>>> print(open('protein-v4.pdb').read())   # PDB, C-alpha atoms
ATOM      1  CA  MET A  15      60.222 121.168 120.140
ATOM      2  CA  LYS A  16      61.677 120.560 116.706
ATOM      3  CA  ARG A  17      61.429 116.924 115.718
ATOM      4  CA  GLU A  18      64.494 115.123 114.495
ATOM      5  CA  SER A  19      64.395 113.935 110.905
ATOM      6  CA  ASN A  20      63.770 110.213 110.566
ATOM      7  CA  LYS A  21      66.145 110.098 107.612
ATOM      8  CA  PRO A  22      69.120 107.995 108.736
ATOM      9  CA  GLY A  23      71.716 109.818 106.645
ATOM     10  CA  GLY A  24      75.372 108.835 106.745
ATOM     11  CA  LEU A  25      78.845 110.066 105.862
ATOM     12  CA  VAL A  26      80.187 111.295 102.554
ATOM     13  CA  ILE A  27      83.979 111.368 102.184
ATOM     14  CA  VAL A  28      84.905 114.242  99.890
ATOM     15  CA  ASP A  29      88.219 114.911  98.163
ATOM     16  CA  LYS A  30      88.142 118.678  98.679
ATOM     17  CA  PRO A  31      89.547 120.771  95.839
ATOM     18  CA  SER A  32      91.961 123.646  96.370
ATOM     19  CA  GLY A  33      90.327 127.056  96.527
ATOM     20  CA  PHE A  34      87.200 125.822  98.292
ATOM     21  CA  THR A  35      86.490 126.490 101.933
ATOM     22  CA  SER A  36      84.999 123.674 103.991
ATOM     23  CA  HIS A  37      81.783 125.715 104.113
ATOM     24  CA  ASP A  38      81.770 125.873 100.290
ATOM     25  CA  VAL A  39      81.842 122.070 100.187
ATOM     26  CA  VAL A  40      79.042 121.826 102.768
ATOM     27  CA  ALA A  41      76.941 124.188 100.634
ATOM     28  CA  LYS A  42      77.520 122.020  97.552
ATOM     29  CA  MET A  43      76.570 118.892  99.501
ATOM     30  CA  ARG A  44      73.342 120.460 100.759
ATOM     31  CA  GLY A  45      72.293 120.833  97.146
ATOM     32  CA  MET A  46      73.289 117.298  96.197
ATOM     33  CA  ALA A  47      71.692 115.693  99.249
ATOM     34  CA  ARG A  48      68.660 118.007  99.166
ATOM     35  CA  THR A  49      68.856 118.784 102.859
ATOM     36  CA  ARG A  50      70.109 121.631 105.002
ATOM     37  CA  ARG A  51      71.335 119.190 107.623
ATOM     38  CA  VAL A  52      74.955 118.768 106.516
ATOM     39  CA  GLY A  53      78.118 119.369 108.540
ATOM     40  CA  HIS A  54      81.819 118.559 108.475
ATOM     41  CA  ALA A  55      84.230 116.858 110.889
ATOM     42  CA  GLY A  56      87.011 119.436 111.015
ATOM     43  CA  THR A  57      87.888 122.140 108.514
ATOM     44  CA  LEU A  58      90.495 122.249 105.782
ATOM     45  CA  ASP A  59      92.087 125.543 104.746
ATOM     46  CA  PRO A  60      91.082 126.753 101.253
ATOM     47  CA  MET A  61      94.577 126.019  99.894
ATOM     48  CA  ALA A  62      94.490 122.412 101.128
ATOM     49  CA  THR A  63      92.987 119.432  99.343
ATOM     50  CA  GLY A  64      92.000 115.936 100.372
ATOM     51  CA  VAL A  65      89.801 114.146 102.872
ATOM     52  CA  LEU A  66      86.879 116.147 104.245
ATOM     53  CA  VAL A  67      84.337 114.083 106.169
ATOM     54  CA  LEU A  68      80.750 115.292 105.792
ATOM     55  CA  GLY A  69      77.754 114.109 107.789
ATOM     56  CA  ILE A  70      74.206 114.131 106.418
ATOM     57  CA  GLU A  71      71.025 114.118 108.529
ATOM     58  CA  ARG A  72      71.463 112.114 111.750
ATOM     59  CA  ALA A  73      75.138 111.463 110.947
ATOM     60  CA  THR A  74      75.831 115.097 111.876
ATOM     61  CA  LYS A  75      75.725 113.921 115.506
ATOM     62  CA  LEU A  76      78.834 111.825 114.808
ATOM     63  CA  LEU A  77      80.913 114.728 113.550
ATOM     64  CA  GLY A  78      82.053 116.241 116.827
ATOM     65  CA  HIS A  79      83.419 112.863 117.912
ATOM     66  CA  LEU A  80      85.057 112.137 114.540
ATOM     67  CA  ALA A  81      86.771 115.548 114.575
ATOM     68  CA  LEU A  82      88.850 114.407 117.551
ATOM     69  CA  THR A  83      90.517 111.537 115.709
ATOM     70  CA  GLU A  84      94.068 111.447 114.319
ATOM     71  CA  LYS A  85      94.742 112.945 110.904
ATOM     72  CA  GLU A  86      97.377 112.347 108.227
ATOM     73  CA  TYR A  87      98.806 114.763 105.645
ATOM     74  CA  VAL A  88     101.361 115.118 102.874
ATOM     75  CA  GLY A  89     102.662 118.562 102.047
ATOM     76  CA  THR A  90     105.460 120.848 100.916
ATOM     77  CA  ILE A  91     107.322 123.177 103.284
ATOM     78  CA  ARG A  92     109.348 126.023 101.768
ATOM     79  CA  LEU A  93     112.377 127.040 103.829
ATOM     80  CA  GLY A  94     113.686 130.567 103.233
ATOM     81  CA  GLN A  95     110.499 132.632 103.298
ATOM     82  CA  THR A  96     107.992 133.602 105.998
ATOM     83  CA  THR A  97     104.401 134.676 105.307
ATOM     84  CA  VAL A  98     101.728 136.388 107.383
ATOM     85  CA  THR A  99      99.480 133.296 107.204
ATOM     86  CA  ASP A 100     102.275 130.685 107.511
ATOM     87  CA  ASP A 101     101.203 129.337 104.101
ATOM     88  CA  ALA A 102     101.368 130.322 100.437
ATOM     89  CA  GLU A 103      98.135 132.329 100.579
ATOM     90  CA  GLY A 104      99.669 135.069 102.714
ATOM     91  CA  GLU A 105     101.973 137.970 101.915
ATOM     92  CA  ILE A 106     105.703 137.256 102.256
ATOM     93  CA  THR A 107     107.044 139.084 105.302
ATOM     94  CA  ALA A 108     110.692 137.966 105.270
ATOM     95  CA  SER A 109     113.132 136.171 102.979
ATOM     96  CA  LYS A 110     116.520 134.632 103.686
ATOM     97  CA  PRO A 111     118.676 132.391 101.460
ATOM     98  CA  ALA A 112     118.113 128.755 102.379
ATOM     99  CA  HIS A 113     120.449 126.772 100.137
ATOM    100  CA  GLY A 114     123.087 124.493 101.632
ATOM    101  CA  LEU A 115     121.095 123.479 104.697
ATOM    102  CA  ALA A 116     122.509 120.320 106.255
ATOM    103  CA  ARG A 117     120.078 117.414 106.216
ATOM    104  CA  GLU A 118     121.026 116.529 109.785
ATOM    105  CA  ASP A 119     120.009 120.036 110.888
ATOM    106  CA  ILE A 120     116.664 119.703 109.110
ATOM    107  CA  ASP A 121     116.082 116.285 110.694
ATOM    108  CA  ALA A 122     117.007 117.664 114.121
ATOM    109  CA  GLY A 123     114.475 120.466 113.652
ATOM    110  CA  VAL A 124     111.812 117.947 112.669
ATOM    111  CA  ALA A 125     112.606 115.851 115.750
ATOM    112  CA  GLU A 126     112.065 118.915 117.960
ATOM    113  CA  LEU A 127     108.576 119.247 116.490
ATOM    114  CA  SER A 128     107.655 115.563 116.913
ATOM    115  CA  GLY A 129     105.881 113.809 119.763
ATOM    116  CA  ALA A 130     103.938 115.678 122.446
ATOM    117  CA  ILE A 131     104.664 119.373 121.851
ATOM    118  CA  MET A 132     103.249 122.798 122.665
ATOM    119  CA  GLN A 133     102.187 124.571 119.477
ATOM    120  CA  VAL A 134     101.154 128.180 118.863
ATOM    121  CA  PRO A 135      98.491 128.148 116.116
ATOM    122  CA  SER A 136      98.722 130.527 113.174
ATOM    123  CA  LYS A 137      97.435 134.016 113.954
ATOM    124  CA  VAL A 138      95.338 133.827 110.795
ATOM    125  CA  SER A 139      93.249 130.889 112.024
ATOM    126  CA  ALA A 140      89.643 130.229 113.016
ATOM    127  CA  ILE A 141      90.488 130.030 116.713
ATOM    128  CA  LYS A 142      88.259 132.316 118.776
ATOM    129  CA  ILE A 143      89.779 134.923 121.088
ATOM    130  CA  ASN A 144      87.168 136.427 123.409
ATOM    131  CA  GLY A 145      84.441 135.227 121.072
ATOM    132  CA  LYS A 146      85.965 136.561 117.839
ATOM    133  CA  ARG A 147      87.900 134.637 115.194
ATOM    134  CA  SER A 148      91.634 135.279 115.264
ATOM    135  CA  TYR A 149      91.796 135.886 111.503
ATOM    136  CA  SER A 150      89.138 138.603 111.820
ATOM    137  CA  ARG A 151      91.170 140.374 114.501
ATOM    138  CA  VAL A 152      94.335 140.200 112.364
ATOM    139  CA  ARG A 153      92.506 141.594 109.314
ATOM    140  CA  GLU A 154      91.341 144.516 111.454
ATOM    141  CA  GLY A 155      94.936 145.300 112.365
ATOM    142  CA  GLU A 156      95.082 143.799 115.846
ATOM    143  CA  ASP A 157      98.302 142.264 117.152
ATOM    144  CA  VAL A 158      96.966 138.858 118.155
ATOM    145  CA  GLU A 159      98.633 136.605 120.701
ATOM    146  CA  ILE A 160      97.399 132.996 120.766
ATOM    147  CA  PRO A 161      98.578 130.838 123.664
ATOM    148  CA  ALA A 162     100.415 127.605 122.918
ATOM    149  CA  ARG A 163      98.417 124.417 123.325
ATOM    150  CA  PRO A 164      99.346 120.752 123.533
ATOM    151  CA  VAL A 165      99.239 118.655 120.365
ATOM    152  CA  THR A 166     100.754 115.320 119.412
ATOM    153  CA  VAL A 167     102.752 114.814 116.214
ATOM    154  CA  SER A 168     102.945 111.027 115.938
ATOM    155  CA  SER A 169     105.054 111.100 112.778
ATOM    156  CA  PHE A 170     106.849 113.927 110.946
ATOM    157  CA  VAL A 171     108.971 112.662 108.059
ATOM    158  CA  VAL A 172     110.981 114.549 105.415
ATOM    159  CA  HIS A 173     110.951 112.493 102.223
ATOM    160  CA  SER A 174     113.018 114.827 100.039
ATOM    161  CA  ALA A 175     114.704 118.238 100.006
ATOM    162  CA  HIS A 176     114.957 120.240  96.763
ATOM    163  CA  GLU A 177     116.888 123.487  96.351
ATOM    164  CA  THR A 178     115.199 125.972  94.035
ATOM    165  CA  GLU A 179     114.425 129.675  93.648
ATOM    166  CA  ALA A 180     111.292 131.513  94.720
ATOM    167  CA  GLU A 181     109.535 133.885  92.322
ATOM    168  CA  ASP A 182     111.419 136.831  93.813
ATOM    169  CA  GLY A 183     114.757 135.072  93.291
ATOM    170  CA  THR A 184     115.302 133.989  96.896
ATOM    171  CA  PRO A 185     117.251 130.699  97.117
ATOM    172  CA  VAL A 186     114.844 128.382  98.949
ATOM    173  CA  THR A 187     114.621 124.697  99.856
ATOM    174  CA  ASP A 188     111.368 122.788  99.399
ATOM    175  CA  LEU A 189     110.730 119.794 101.656
ATOM    176  CA  LEU A 190     108.267 117.044 100.791
ATOM    177  CA  VAL A 191     106.887 115.874 104.132
ATOM    178  CA  SER A 192     104.265 113.593 105.648
ATOM    179  CA  VAL A 193     102.658 114.164 109.052
ATOM    180  CA  GLU A 194     100.423 112.131 111.330
ATOM    181  CA  CYS A 195      99.024 114.189 114.182
ATOM    182  CA  SER A 196      96.283 114.766 116.700
ATOM    183  CA  SER A 197      93.237 116.890 116.088
ATOM    184  CA  GLY A 198      93.986 120.603 116.384
ATOM    185  CA  THR A 199      97.526 120.412 114.995
ATOM    186  CA  TYR A 200      98.346 123.093 112.423
ATOM    187  CA  ILE A 201     100.663 121.827 109.674
ATOM    188  CA  ARG A 202     101.422 125.399 108.609
ATOM    189  CA  ALA A 203     102.546 126.107 112.171
ATOM    190  CA  LEU A 204     104.952 123.155 111.891
ATOM    191  CA  ALA A 205     106.312 124.721 108.676
ATOM    192  CA  ARG A 206     106.677 128.110 110.378
ATOM    193  CA  ASP A 207     108.395 126.683 113.446
ATOM    194  CA  LEU A 208     110.729 124.429 111.455
ATOM    195  CA  GLY A 209     111.902 127.396 109.391
ATOM    196  CA  ALA A 210     112.292 129.555 112.481
ATOM    197  CA  GLY A 211     114.339 126.887 114.222
ATOM    198  CA  LEU A 212     116.660 126.671 111.220
ATOM    199  CA  GLY A 213     117.045 130.452 111.154
ATOM    200  CA  VAL A 214     115.697 130.942 107.634
ATOM    201  CA  GLY A 215     111.939 131.087 108.078
ATOM    202  CA  GLY A 216     109.422 128.769 106.474
ATOM    203  CA  HIS A 217     105.859 128.357 105.300
ATOM    204  CA  LEU A 218     103.577 125.732 103.808
ATOM    205  CA  THR A 219     103.139 125.776 100.025
ATOM    206  CA  ALA A 220     100.969 122.686  99.492
ATOM    207  CA  LEU A 221      98.895 120.403 101.717
ATOM    208  CA  ARG A 222      96.815 117.309 101.109
ATOM    209  CA  ARG A 223      94.947 115.488 103.868
ATOM    210  CA  THR A 224      95.089 111.763 103.230
ATOM    211  CA  ARG A 225      93.264 110.436 106.298
ATOM    212  CA  VAL A 226      90.804 111.438 109.014
ATOM    213  CA  GLY A 227      90.620 108.643 111.577
ATOM    214  CA  PRO A 228      89.795 105.480 109.598
ATOM    215  CA  TYR A 229      88.600 107.349 106.505
ATOM    216  CA  LYS A 230      91.226 107.533 103.769
ATOM    217  CA  LEU A 231      91.565 108.996 100.291
ATOM    218  CA  ASP A 232      90.605 105.686  98.686
ATOM    219  CA  ARG A 233      87.057 106.272  99.987
ATOM    220  CA  ALA A 234      86.957 109.924  98.930
ATOM    221  CA  ARG A 235      85.222 111.270  95.836
ATOM    222  CA  THR A 236      85.620 114.630  94.123
ATOM    223  CA  LEU A 237      82.693 117.028  93.953
ATOM    224  CA  GLU A 238      82.451 116.298  90.237
ATOM    225  CA  GLN A 239      82.244 112.543  90.863
ATOM    226  CA  LEU A 240      79.605 113.020  93.546
ATOM    227  CA  GLN A 241      77.524 115.302  91.327
ATOM    228  CA  ALA A 242      77.764 112.788  88.474
ATOM    229  CA  ALA A 243      76.457 110.062  90.799
ATOM    230  CA  VAL A 244      73.529 112.279  91.799
ATOM    231  CA  ASP A 245      72.747 113.086  88.137
ATOM    232  CA  ASP A 246      72.932 109.454  86.969
ATOM    233  CA  ALA A 247      69.287 108.440  86.598
ATOM    234  CA  GLU A 248      70.208 104.753  86.432
ATOM    235  CA  GLY A 249      72.664 104.817  89.334
ATOM    236  CA  GLU A 250      72.193 104.535  93.084
ATOM    237  CA  GLY A 251      72.552 108.247  93.742
ATOM    238  CA  LEU A 252      74.814 109.955  96.234
ATOM    239  CA  PRO A 253      77.334 107.433  97.663
ATOM    240  CA  VAL A 254      76.624 107.680 101.397
ATOM    241  CA  MET A 255      78.339 105.514 104.016
ATOM    242  CA  PRO A 256      75.535 104.237 106.297
ATOM    243  CA  LEU A 257      75.553 105.310 109.928
ATOM    244  CA  GLY A 258      76.317 101.838 111.249
ATOM    245  CA  ASP A 259      79.234 101.305 108.863
ATOM    246  CA  ALA A 260      80.651 104.733 109.689
ATOM    247  CA  ALA A 261      80.452 104.100 113.434
ATOM    248  CA  ALA A 262      81.904 100.592 113.220
ATOM    249  CA  ALA A 263      84.878 101.929 111.248
ATOM    250  CA  ALA A 264      85.653 104.764 113.656
ATOM    251  CA  PHE A 265      84.824 103.413 117.124
ATOM    252  CA  THR A 266      85.176 100.255 119.184
ATOM    253  CA  ARG A 267      82.058  98.110 118.748
ATOM    254  CA  TRP A 268      79.920  96.840 121.638
ATOM    255  CA  ASP A 269      77.122  94.387 120.792
ATOM    256  CA  VAL A 270      74.329  94.344 123.355
ATOM    257  CA  ALA A 271      71.353  92.037 123.883
ATOM    258  CA  GLU A 272      67.762  93.141 123.339
ATOM    259  CA  PRO A 273      67.009  94.029 127.000
ATOM    260  CA  GLN A 274      70.199  96.142 127.183
ATOM    261  CA  ALA A 275      69.326  97.832 123.890
ATOM    262  CA  ARG A 276      65.898  98.879 125.177
ATOM    263  CA  LEU A 277      67.385 100.268 128.373
ATOM    264  CA  LEU A 278      70.055 102.214 126.480
ATOM    265  CA  LEU A 279      67.495 103.791 124.175
ATOM    266  CA  ASN A 280      65.444 104.811 127.199
ATOM    267  CA  GLY A 281      68.403 106.590 128.735
ATOM    268  CA  ALA A 282      69.253 104.025 131.396
ATOM    269  CA  ARG A 283      72.879 103.620 132.457
ATOM    270  CA  ILE A 284      73.562  99.924 132.106
ATOM    271  CA  PRO A 285      76.700  98.025 133.167
ATOM    272  CA  MET A 286      79.292  97.853 130.415
ATOM    273  CA  PRO A 287      82.650  96.131 130.038
ATOM    274  CA  ARG A 288      85.979  97.920 129.902
ATOM    275  CA  PHE A 289      87.413  98.429 126.426
ATOM    276  CA  GLU A 290      90.982  99.221 125.485
ATOM    277  CA  GLY A 291      91.798 102.744 124.431
ATOM    278  CA  ASP A 292      90.047 106.053 124.900
ATOM    279  CA  GLY A 293      87.067 107.589 123.216
ATOM    280  CA  PRO A 294      83.421 106.718 122.637
ATOM    281  CA  ILE A 295      82.112 103.170 122.158
ATOM    282  CA  ALA A 296      79.573 102.338 119.454
ATOM    283  CA  ALA A 297      76.704 100.235 120.834
ATOM    284  CA  PHE A 298      74.883  97.934 118.405
ATOM    285  CA  GLY A 299      71.668  95.987 118.954
ATOM    286  CA  PRO A 300      71.238  92.232 118.342
ATOM    287  CA  ASP A 301      69.917  92.902 114.823
ATOM    288  CA  GLY A 302      73.016  94.988 113.957
ATOM    289  CA  THR A 303      71.302  98.353 114.357
ATOM    290  CA  PHE A 304      73.608 101.157 115.473
ATOM    291  CA  LEU A 305      72.045 102.350 118.713
ATOM    292  CA  ALA A 306      74.244 104.979 120.333
ATOM    293  CA  LEU A 307      77.671 106.312 121.134
ATOM    294  CA  VAL A 308      78.416 105.737 124.819
ATOM    295  CA  GLU A 309      81.231 106.246 127.274
ATOM    296  CA  ASN A 310      82.135 104.316 130.409
ATOM    297  CA  GLN A 311      81.433 106.210 133.604
ATOM    298  CA  GLY A 312      82.083 104.172 136.721
ATOM    299  CA  GLY A 313      81.465 100.902 134.915
ATOM    300  CA  LYS A 314      78.180 102.039 133.397
ATOM    301  CA  ALA A 315      77.311 103.272 129.935
ATOM    302  CA  LYS A 316      76.486 106.954 129.579
ATOM    303  CA  SER A 317      74.910 107.846 126.214
ATOM    304  CA  LEU A 318      76.697 110.588 124.295
ATOM    305  CA  ALA A 319      74.364 110.476 121.290
ATOM    306  CA  VAL A 320      71.467 108.156 120.402
ATOM    307  CA  PHE A 321      70.979 107.225 116.760
ATOM    308  CA  ALA A 322      68.263 104.547 116.689
ATOM    309  CA  LEU A 323      64.754 106.015 116.578
TER     310      LEU A 323
END
>>> encode(input="protein-v4.pdb", output="structure tokens")
Amino acid sequence: MKRESNKPGGLVIVDKPSGFTSHDVVAKMRGMARTRRVGHAGTLDPMATGVLVLGIERATKLLGHLALTEKEYVGTIRLGQTTVTDDAEGEITASKPAHGLAREDIDAGVAELSGAIMQVPSKVSAIKINGKRSYSRVREGEDVEIPARPVTVSSFVVHSAHETEAEDGTPVTDLLVSVECSSGTYIRALARDLGAGLGVGGHLTALRRTRVGPYKLDRARTLEQLQAAVDDAEGEGLPVMPLGDAAAAAFTRWDVAEPQARLLLNGARIPMPRFEGDGPIAAFGPDGTFLALVENQGGKAKSLAVFAL
């Protein structure tokens, strides 16, 4: 059996540049951190920039749980043109003049796409259909149908509307928007559906993720800044958020006594209190060591992932 690395690792919050895939950023981080064990908590499209949470070494076990947290974005939606990808990277498939749109109609369309909604993801997405990525099927000429799925848009706000012209001369309206939403929500699908509801079509032209769960842009560093930290012989190296700090920021904390800590690490299901909210609980030992992520099952703690060796 392959032994787990005893390197504790941690999180690195990256400000992803446009033009990079999430896998590109992971590859860069593997070089900086000098380990193959790097992953990310939820992808960002190549066009998008902003917060990408990476896990190194044992912190990779946190990523699946962090990917389920709420996310926040700012972006630009162009009304008046539809694209095959629902964003600016795809070919324009339809154009319709979109000047003179009433703000109350735009706000009504936004309201329809707020709260608990059913959303059909973009056909050119990484969602698997019968084991194959949707974007691969589309590129091969298939007519893909993706079923709608429930998502929650906690906040969808239009900050400004600007009438302009697209490169082909189409009168379009650009909306500066901010969105807070659940994991799995496609912002480009919101752009597509808003434009469709207004009868003019729409797509996303810019997107920046400003938050993943508790991790915000103020903690993020560009790839250039991270590489400079690694190259600085007199510095502290790659700025990694320790496992315990990362867990305490993202999950409700449960401090246990030494006997409980030993039992947890041995896989025992010990009694645990009820905590408000959903999601995993981070268990910490009496010395502050991050022990495990657990969930309450019938009043007892079930370990989801153990982190203390």
>>> closest_residue(input="protein-v4.pdb", among="A:Met46, A:Thr184, A:Leu208, A:Ser136", to="A:Phe170", atoms="all atoms listed in the file")
A:Leu208
>>> residues_around(input="protein-v4.pdb", residues="A:His173", least_positions_apart="4", cutoff="9 Å", atoms="all atoms listed in the file", output="list in words")
Leu189, Leu190, Val191 and Ser192 of chain A
>>> atom_distance(input="protein-v4.pdb", atom1="atom CA of A:Pro256", atom2="atom CA of A:Val40")
18.3 Å
>>> atom_distance(input="protein-v4.pdb", atom1="atom CA of A:Thr303", atom2="atom CA of A:Lys316")
18.2 Å
>>> axis_aligned_box(input="protein-v4.pdb", around="stretch 225-242 of chain A", padding_each_side="6 Å", output="JSON")
{"center_x": 85.4, "center_y": 111.3, "center_z": 100.0, "size_x": 27.7, "size_y": 23.5, "size_z": 35.1}
>>> atom_distance(input="protein-v4.pdb", atom1="atom CA of A:His217", atom2="atom CA of A:Thr97")
6.5 Å
>>> residues_near_point(input="protein-v4.pdb", point="(100.8, 125.2, 125.6)", cutoff="10 Å", atoms="all atoms listed in the file", output="PyMOL selection string")
chain A and resi 131-134+160-165
>>> resolve_selection(input="protein-v4.pdb", expression="the PyMOL selection byres ((chain A and resi 240) around 12)", output="PDB file with C-alpha atoms, keeping the file's coordinate frame")
ATOM      1  CA  VAL A  26      80.187 111.295 102.554  1.00  0.00           C
ATOM      2  CA  ILE A  27      83.979 111.368 102.184  1.00  0.00           C
ATOM      3  CA  VAL A  28      84.905 114.242  99.890  1.00  0.00           C
ATOM      4  CA  ASP A  29      88.219 114.911  98.163  1.00  0.00           C
ATOM      5  CA  LYS A  30      88.142 118.678  98.679  1.00  0.00           C
ATOM      6  CA  VAL A  39      81.842 122.070 100.187  1.00  0.00           C
ATOM      7  CA  LYS A  42      77.520 122.020  97.552  1.00  0.00           C
ATOM      8  CA  MET A  43      76.570 118.892  99.501  1.00  0.00           C
ATOM      9  CA  GLY A  45      72.293 120.833  97.146  1.00  0.00           C
ATOM     10  CA  MET A  46      73.289 117.298  96.197  1.00  0.00           C
ATOM     11  CA  ALA A  47      71.692 115.693  99.249  1.00  0.00           C
ATOM     12  CA  ARG A 233      87.057 106.272  99.987  1.00  0.00           C
ATOM     13  CA  ALA A 234      86.957 109.924  98.930  1.00  0.00           C
ATOM     14  CA  ARG A 235      85.222 111.270  95.836  1.00  0.00           C
ATOM     15  CA  THR A 236      85.620 114.630  94.123  1.00  0.00           C
ATOM     16  CA  LEU A 237      82.693 117.028  93.953  1.00  0.00           C
ATOM     17  CA  GLU A 238      82.451 116.298  90.237  1.00  0.00           C
ATOM     18  CA  GLN A 239      82.244 112.543  90.863  1.00  0.00           C
ATOM     19  CA  GLN A 241      77.524 115.302  91.327  1.00  0.00           C
ATOM     20  CA  ALA A 242      77.764 112.788  88.474  1.00  0.00           C
ATOM     21  CA  ALA A 243      76.457 110.062  90.799  1.00  0.00           C
ATOM     22  CA  VAL A 244      73.529 112.279  91.799  1.00  0.00           C
ATOM     23  CA  ASP A 245      72.747 113.086  88.137  1.00  0.00           C
ATOM     24  CA  ASP A 246      72.932 109.454  86.969  1.00  0.00           C
ATOM     25  CA  GLY A 249      72.664 104.817  89.334  1.00  0.00           C
ATOM     26  CA  GLU A 250      72.193 104.535  93.084  1.00  0.00           C
ATOM     27  CA  GLY A 251      72.552 108.247  93.742  1.00  0.00           C
ATOM     28  CA  LEU A 252      74.814 109.955  96.234  1.00  0.00           C
ATOM     29  CA  PRO A 253      77.334 107.433  97.663  1.00  0.00           C
ATOM     30  CA  VAL A 254      76.624 107.680 101.397  1.00  0.00           C
TER      31      VAL A 254
END
>>> closest_residue(input="protein-v4.pdb", among="A:Arg223, A:Val171, A:Gly89, A:Leu212", to="A:Thr57", atoms="all atoms listed in the file")
A:Arg223
>>> resolve_selection(input="protein-v4.pdb", expression="the PyMOL selection byres ((chain A and resi 228) around 6)", output="list in words")
Gly227, Tyr229 and Ala264 of chain A
>>> resolve_selection(input="protein-v4.pdb", expression="the PyMOL selection byres ((chain A and resi 111) around 9)", output="list in words")
Leu93, Gly94, Gln95, Ser109, Lys110, Ala112, His113, Thr184, Pro185, Val186, Thr187 and Val214 of chain A
>>> residues_around(input="protein-v4.pdb", residues="A:Ala55", least_positions_apart="3", cutoff="7 Å", atoms="all atoms listed in the file", output="CSV table (one decimal) with C-alpha atoms, keeping the file's coordinate frame")
chain,number,residue,atom,x,y,z
A,67,VAL,CA,84.3,114.1,106.2
A,68,LEU,CA,80.8,115.3,105.8
A,77,LEU,CA,80.9,114.7,113.6
A,78,GLY,CA,82.1,116.2,116.8
A,80,LEU,CA,85.1,112.1,114.5
A,81,ALA,CA,86.8,115.5,114.6
>>> residues_near_point(input="protein-v4.pdb", point="(107.8, 141.1, 104.3)", cutoff="12 Å", atoms="only C-alpha atoms", output="list in words")
Gln95, Thr96, Thr97, Val98, Thr99, Gly104, Glu105, Ile106, Thr107, Ala108, Ser109, Lys110, Asp182 and Gly215 of chain A
>>> residues_around(input="protein-v4.pdb", residues="stretch 124-130 of chain A", least_positions_apart="3", cutoff="6 Å", atoms="only C-alpha atoms", output="list in words")
Asp121, Val165, Thr166, Val167 and Ser168 of chain A
>>> closest_residue(input="protein-v4.pdb", among="A:Glu71, A:Glu309, A:Asp59, A:Asp38", to="A:Leu25", atoms="only C-alpha atoms")
A:Glu71
>>> residues_around(input="protein-v4.pdb", residues="A:Arg222", least_positions_apart="2", cutoff="6 Å", atoms="only C-alpha atoms", output="number ranges by chain")
A: 62-64, 87-88
>>> residues_around(input="protein-v4.pdb", residues="A:Thr266", least_positions_apart="5", cutoff="10 Å", atoms="all atoms listed in the file", output="ChimeraX atom specification")
/A:261,289-297,307
